[in-house]
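What follows is run23.pdb (PDB, C-alpha atoms).
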ATOM      1  CA  MET N   1      -6.466 -48.482 -39.898  1.00  0.00           C
ATOM      2  CA  ARG N   2      -2.876 -47.649 -40.725  1.00  0.00           C
ATOM      3  CA  LEU N   3       0.498 -49.068 -39.788  1.00  0.00           C
ATOM      4  CA  GLN N   4       2.772 -47.111 -37.514  1.00  0.00           C
ATOM      5  CA  LEU N   5       6.549 -46.993 -37.820  1.00  0.00           C
ATOM      6  CA  ALA N   6       8.308 -45.284 -34.902  1.00  0.00           C
ATOM      7  CA  LEU N   7      11.968 -44.493 -35.539  1.00  0.00           C
ATOM      8  CA  ASN N   8      14.825 -43.219 -33.404  1.00  0.00           C
ATOM      9  CA  VAL N   9      16.675 -40.471 -35.305  1.00  0.00           C
ATOM     10  CA  ARG N  10      19.918 -38.593 -34.634  1.00  0.00           C
ATOM     11  CA  ASP N  11      18.637 -35.153 -35.651  1.00  0.00           C
ATOM     12  CA  ILE N  12      14.913 -34.384 -35.620  1.00  0.00           C
ATOM     13  CA  ASP N  13      15.143 -31.394 -37.991  1.00  0.00           C
ATOM     14  CA  GLU N  14      17.126 -33.367 -40.553  1.00  0.00           C
ATOM     15  CA  ALA N  15      14.709 -36.309 -40.294  1.00  0.00           C
ATOM     16  CA  VAL N  16      11.584 -34.123 -40.612  1.00  0.00           C
ATOM     17  CA  ASP N  17      13.065 -32.476 -43.700  1.00  0.00           C
ATOM     18  CA  TYR N  18      13.921 -35.832 -45.288  1.00  0.00           C
ATOM     19  CA  TYR N  19      10.662 -37.642 -44.516  1.00  0.00           C
ATOM     20  CA  GLY N  20       8.615 -34.590 -45.490  1.00  0.00           C
ATOM     21  CA  LYS N  21      10.223 -34.745 -48.918  1.00  0.00           C
ATOM     22  CA  LEU N  22      10.055 -38.553 -49.133  1.00  0.00           C
ATOM     23  CA  PHE N  23       6.300 -38.653 -48.482  1.00  0.00           C
ATOM     24  CA  ASP N  24       5.494 -35.151 -49.815  1.00  0.00           C
ATOM     25  CA  ALA N  25       3.832 -34.373 -46.493  1.00  0.00           C
ATOM     26  CA  ALA N  26       4.047 -31.938 -43.599  1.00  0.00           C
ATOM     27  CA  PRO N  27       4.233 -33.210 -40.028  1.00  0.00           C
ATOM     28  CA  HIS N  28       0.885 -33.726 -38.314  1.00  0.00           C
ATOM     29  CA  LYS N  29       2.482 -32.885 -34.960  1.00  0.00           C
ATOM     30  CA  ARG N  30       5.863 -31.347 -34.114  1.00  0.00           C
ATOM     31  CA  ARG N  31       7.306 -30.935 -30.618  1.00  0.00           C
ATOM     32  CA  PRO N  32      10.889 -30.622 -29.335  1.00  0.00           C
ATOM     33  CA  GLY N  33      12.596 -33.918 -30.136  1.00  0.00           C
ATOM     34  CA  TYR N  34       9.397 -35.383 -31.649  1.00  0.00           C
ATOM     35  CA  ALA N  35       7.418 -35.352 -34.882  1.00  0.00           C
ATOM     36  CA  ASN N  36       4.738 -37.475 -36.458  1.00  0.00           C
ATOM     37  CA  PHE N  37       3.334 -37.680 -39.940  1.00  0.00           C
ATOM     38  CA  ALA N  38      -0.213 -38.950 -40.595  1.00  0.00           C
ATOM     39  CA  ILE N  39       0.165 -40.085 -44.200  1.00  0.00           C
ATOM     40  CA  ASP N  40      -2.850 -41.106 -46.284  1.00  0.00           C
ATOM     41  CA  GLU N  41      -0.987 -42.780 -49.177  1.00  0.00           C
ATOM     42  CA  PRO N  42       0.434 -45.161 -48.199  1.00  0.00           C
ATOM     43  CA  PRO N  43      -1.608 -45.314 -44.974  1.00  0.00           C
ATOM     44  CA  LEU N  44       1.201 -44.767 -42.455  1.00  0.00           C
ATOM     45  CA  LYS N  45       1.724 -43.038 -39.119  1.00  0.00           C
ATOM     46  CA  LEU N  46       5.427 -42.210 -39.133  1.00  0.00           C
ATOM     47  CA  VAL N  47       6.709 -41.223 -35.686  1.00  0.00           C
ATOM     48  CA  LEU N  48      10.182 -39.769 -35.158  1.00  0.00           C
ATOM     49  CA  PHE N  49      11.964 -39.584 -31.801  1.00  0.00           C
ATOM     50  CA  GLU N  50      15.193 -37.630 -31.531  1.00  0.00           C
ATOM     51  CA  ASN N  51      17.376 -40.167 -29.758  1.00  0.00           C
ATOM     52  CA  PRO N  52      20.939 -39.864 -31.071  1.00  0.00           C
ATOM     53  CA  ASP N  53      22.326 -42.516 -28.718  1.00  0.00           C
ATOM     54  CA  ALA N  54      19.755 -45.203 -29.562  1.00  0.00           C
ATOM     55  CA  VAL N  55      21.261 -48.561 -30.408  1.00  0.00           C
ATOM     56  CA  GLU N  56      18.316 -49.491 -32.644  1.00  0.00           C
ATOM     57  CA  ARG N  57      16.731 -47.313 -35.337  1.00  0.00           C
ATOM     58  CA  VAL N  58      13.296 -48.919 -34.921  1.00  0.00           C
ATOM     59  CA  ASN N  59      11.702 -47.660 -31.704  1.00  0.00           C
ATOM     60  CA  HIS N  60       8.518 -49.721 -32.025  1.00  0.00           C
ATOM     61  CA  LEU N  61       5.824 -50.678 -34.532  1.00  0.00           C
ATOM     62  CA  GLY N  62       2.095 -50.288 -34.291  1.00  0.00           C
ATOM     63  CA  VAL N  63      -1.329 -50.344 -35.788  1.00  0.00           C
ATOM     64  CA  GLU N  64      -3.419 -47.204 -35.366  1.00  0.00           C
ATOM     65  CA  VAL N  65      -7.162 -47.802 -35.341  1.00  0.00           C
ATOM     66  CA  PHE N  66      -9.961 -45.286 -35.170  1.00  0.00           C
ATOM     67  CA  GLU N  67     -12.510 -47.075 -32.952  1.00  0.00           C
ATOM     68  CA  ASP N  68     -12.227 -48.206 -29.316  1.00  0.00           C
ATOM     69  CA  ALA N  69     -13.773 -51.552 -30.239  1.00  0.00           C
ATOM     70  CA  ARG N  70     -10.814 -52.314 -32.529  1.00  0.00           C
ATOM     71  CA  VAL N  71      -8.347 -51.889 -29.645  1.00  0.00           C
ATOM     72  CA  ARG N  72     -10.469 -54.146 -27.413  1.00  0.00           C
ATOM     73  CA  GLU N  73     -10.737 -56.756 -30.189  1.00  0.00           C
ATOM     74  CA  ALA N  74      -6.961 -56.730 -30.651  1.00  0.00           C
ATOM     75  CA  GLY N  75      -6.464 -57.085 -26.892  1.00  0.00           C
ATOM     76  CA  HIS N  76      -8.817 -60.080 -26.706  1.00  0.00           C
ATOM     77  CA  ARG N  77      -7.161 -61.705 -29.724  1.00  0.00           C
ATOM     78  CA  LEU N  78      -3.638 -61.190 -28.363  1.00  0.00           C
ATOM     79  CA  GLU N  79      -4.660 -62.453 -24.919  1.00  0.00           C
ATOM     80  CA  ALA N  80      -6.266 -65.574 -26.388  1.00  0.00           C
ATOM     81  CA  ALA N  81      -3.073 -66.204 -28.356  1.00  0.00           C
ATOM     82  CA  GLY N  82      -0.945 -65.788 -25.220  1.00  0.00           C
ATOM     83  CA  ILE N  83       1.021 -62.811 -26.569  1.00  0.00           C
ATOM     84  CA  LEU N  84      -0.597 -59.833 -24.800  1.00  0.00           C
ATOM     85  CA  SER N  85       2.087 -57.927 -22.863  1.00  0.00           C
ATOM     86  CA  GLU N  86       0.274 -54.865 -21.532  1.00  0.00           C
ATOM     87  CA  VAL N  87      -2.972 -52.887 -21.655  1.00  0.00           C
ATOM     88  CA  GLU N  88      -3.030 -49.098 -21.225  1.00  0.00           C
ATOM     89  CA  GLU N  89      -6.183 -47.021 -20.851  1.00  0.00           C
ATOM     90  CA  LYS N  90      -6.185 -43.250 -21.337  1.00  0.00           C
ATOM     91  CA  THR N  91      -2.428 -42.905 -21.057  1.00  0.00           C
ATOM     92  CA  VAL N  92      -0.687 -39.741 -22.262  1.00  0.00           C
ATOM     93  CA  CYS N  93       2.031 -40.811 -24.633  1.00  0.00           C
ATOM     94  CA  CYS N  94       3.563 -39.198 -27.703  1.00  0.00           C
ATOM     95  CA  HIS N  95       1.783 -35.942 -26.933  1.00  0.00           C
ATOM     96  CA  ALA N  96      -1.683 -37.554 -27.139  1.00  0.00           C
ATOM     97  CA  THR N  97      -4.091 -39.467 -24.912  1.00  0.00           C
ATOM     98  CA  GLN N  98      -4.300 -43.061 -26.118  1.00  0.00           C
ATOM     99  CA  THR N  99      -5.811 -46.435 -25.353  1.00  0.00           C
ATOM    100  CA  LYS N 100      -3.538 -49.282 -26.407  1.00  0.00           C
ATOM    101  CA  VAL N 101      -2.474 -52.870 -26.090  1.00  0.00           C
ATOM    102  CA  TRP N 102       1.095 -54.094 -26.445  1.00  0.00           C
ATOM    103  CA  SER N 103       2.733 -57.313 -27.587  1.00  0.00           C
ATOM    104  CA  ASP N 104       6.457 -58.126 -27.527  1.00  0.00           C
ATOM    105  CA  GLU N 105       7.670 -60.379 -30.320  1.00  0.00           C
ATOM    106  CA  PRO N 106      10.171 -63.139 -29.424  1.00  0.00           C
ATOM    107  CA  GLN N 107      13.221 -61.050 -30.410  1.00  0.00           C
ATOM    108  CA  GLY N 108      12.067 -58.046 -28.376  1.00  0.00           C
ATOM    109  CA  LEU N 109      10.446 -55.779 -30.955  1.00  0.00           C
ATOM    110  CA  ARG N 110       7.392 -54.037 -29.455  1.00  0.00           C
ATOM    111  CA  TRP N 111       4.050 -53.797 -31.275  1.00  0.00           C
ATOM    112  CA  GLU N 112       1.108 -51.672 -30.190  1.00  0.00           C
ATOM    113  CA  TRP N 113      -2.519 -51.515 -31.314  1.00  0.00           C
ATOM    114  CA  TYR N 114      -3.809 -48.094 -30.320  1.00  0.00           C
ATOM    115  CA  ARG N 115      -6.391 -45.374 -30.724  1.00  0.00           C
ATOM    116  CA  VAL N 116      -5.736 -41.680 -30.098  1.00  0.00           C
ATOM    117  CA  THR N 117      -8.603 -40.422 -27.958  1.00  0.00           C
ATOM    118  CA  ASP N 118      -7.326 -36.852 -27.556  1.00  0.00           C
ATOM    119  CA  ASP N 119      -4.690 -35.472 -29.917  1.00  0.00           C
ATOM    120  CA  THR N 120      -4.029 -32.402 -27.742  1.00  0.00           C
ATOM    121  CA  PRO N 121      -4.402 -33.387 -24.080  1.00  0.00           C
ATOM    122  CA  ASP N 122      -4.895 -30.662 -21.463  1.00  0.00           C
ATOM    123  CA  GLY N 123      -1.662 -29.181 -20.275  1.00  0.00           C
ATOM    124  CA  GLU N 124       0.344 -30.248 -23.323  1.00  0.00           C
ATOM    125  CA  ALA N 125       1.623 -26.715 -23.806  1.00  0.00           C
ATOM    126  CA  LEU N 126       2.948 -26.889 -20.232  1.00  0.00           C
ATOM    127  CA  ILE N 127       5.189 -29.876 -20.941  1.00  0.00           C
ATOM    128  CA  ALA N 128       8.804 -28.808 -20.682  1.00  0.00           C
ATOM    129  CA  PRO N 129      10.683 -29.152 -23.971  1.00  0.00           C
ATOM    130  CA  SER N 130      12.777 -32.290 -24.017  1.00  0.00           C
ATOM    131  CA  ALA N 131      13.650 -35.180 -26.261  1.00  0.00           C
ATOM    132  CA  ALA N 132      11.176 -37.325 -24.325  1.00  0.00           C
ATOM    133  CA  ALA N 133       7.849 -37.544 -26.109  1.00  0.00           C
ATOM    134  CA  CYS N 134       6.051 -39.151 -23.198  1.00  0.00           C
ATOM    135  CA  THR N 135       4.505 -37.594 -20.147  1.00  0.00           C
ATOM    136  CA  ASP N 136       3.592 -41.012 -18.792  1.00  0.00           C
ATOM    137  CA  GLU N 137       6.319 -42.491 -16.615  1.00  0.00           C
ATOM    138  CA  SER N 138       5.626 -46.087 -17.679  1.00  0.00           C
ATOM    139  CA  GLU N 139       8.392 -47.880 -19.530  1.00  0.00           C
ATOM    140  CA  SER N 140       6.073 -48.832 -22.372  1.00  0.00           C
ATOM    141  CA  CYS N 141       5.190 -45.302 -23.394  1.00  0.00           C
ATOM    142  CA  CYS N 142       6.871 -44.994 -26.746  1.00  0.00           C
ATOM    143  CA  ALA N 143       9.926 -46.746 -25.346  1.00  0.00           C
TER     144      ALA N 143
END

Please express the file's structure as structure tokens.
Amino acid sequence: MRLQLALNVRDIDEAVDYYGKLFDAAPHKRRPGYANFAIDEPPLKLVLFENPDAVERVNHLGVEVFEDARVREAGHRLEAAGILSEVEEKTVCCHATQTKVWSDEPQGLRWEWYRVTDDTPDGEALIAPSAAACTDESESCCA
């Protein structure tokens, strides 16, 4: 398990350069307007979205898990607590197929518990370059 921090950045190249130096790491995945770092120490998935007009720097937060059962457990726990917002199965988001559950905290910050089930979904190379990292039209996809 590792925490995820998804940030809106003004300039993706500048941000990749800075965070690469900060964490002494190369991006795990780089696409137009998008990059992510899978950092072992500290255990962090850092996701960068080029979104120069974003009002908030934090896009969303998350917990990446590596077993389907962990996503289901989180979903059951959040539902029992009355804070489950959404469940997504096999959605293509952030240039990967994922299963996830979402919760919105009282002030609007979005949290996801997710597992990447396919890091390079079919047709990814056919996605037109854009600042949008999501091929899913749902509002929750990395919004």

- Message: To test your reading of the syntax: which residues would the PyMOL selection byres ((chain N and resi 44-54) around 8) return for the file shown? Reply as number ranges by chain.
- Response: N: 2-12, 15-16, 33-43, 55-57, 64, 131-133

Would you compute an axis-aligned box for segment 96-110 of chain N, covering every atom listed for it in the file with 8 Å of margin on each side, and report centre and edge lengths in Å to one decimal as lines of an AutoDock Vina configuration file?
center_x = 3.7
center_y = -50.3
center_z = -27.9
size_x = 35.0
size_y = 41.6
size_z = 22.0

- Task: Tell me which of N:Ala26, N:Leu84, N:Val116, N:Ala69 sits closest to Trp102 of chain N, counting all atoms listed in the file.
- Result: N:Leu84

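Interatomic distance, atom CA of Pro32 of chain N against atom CA of Cys93 of chain N: 14.3 Å.
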
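The space between atom CA of Asp24 of chain N and atom CA of Glu67 of chain N spans 27.4 Å.
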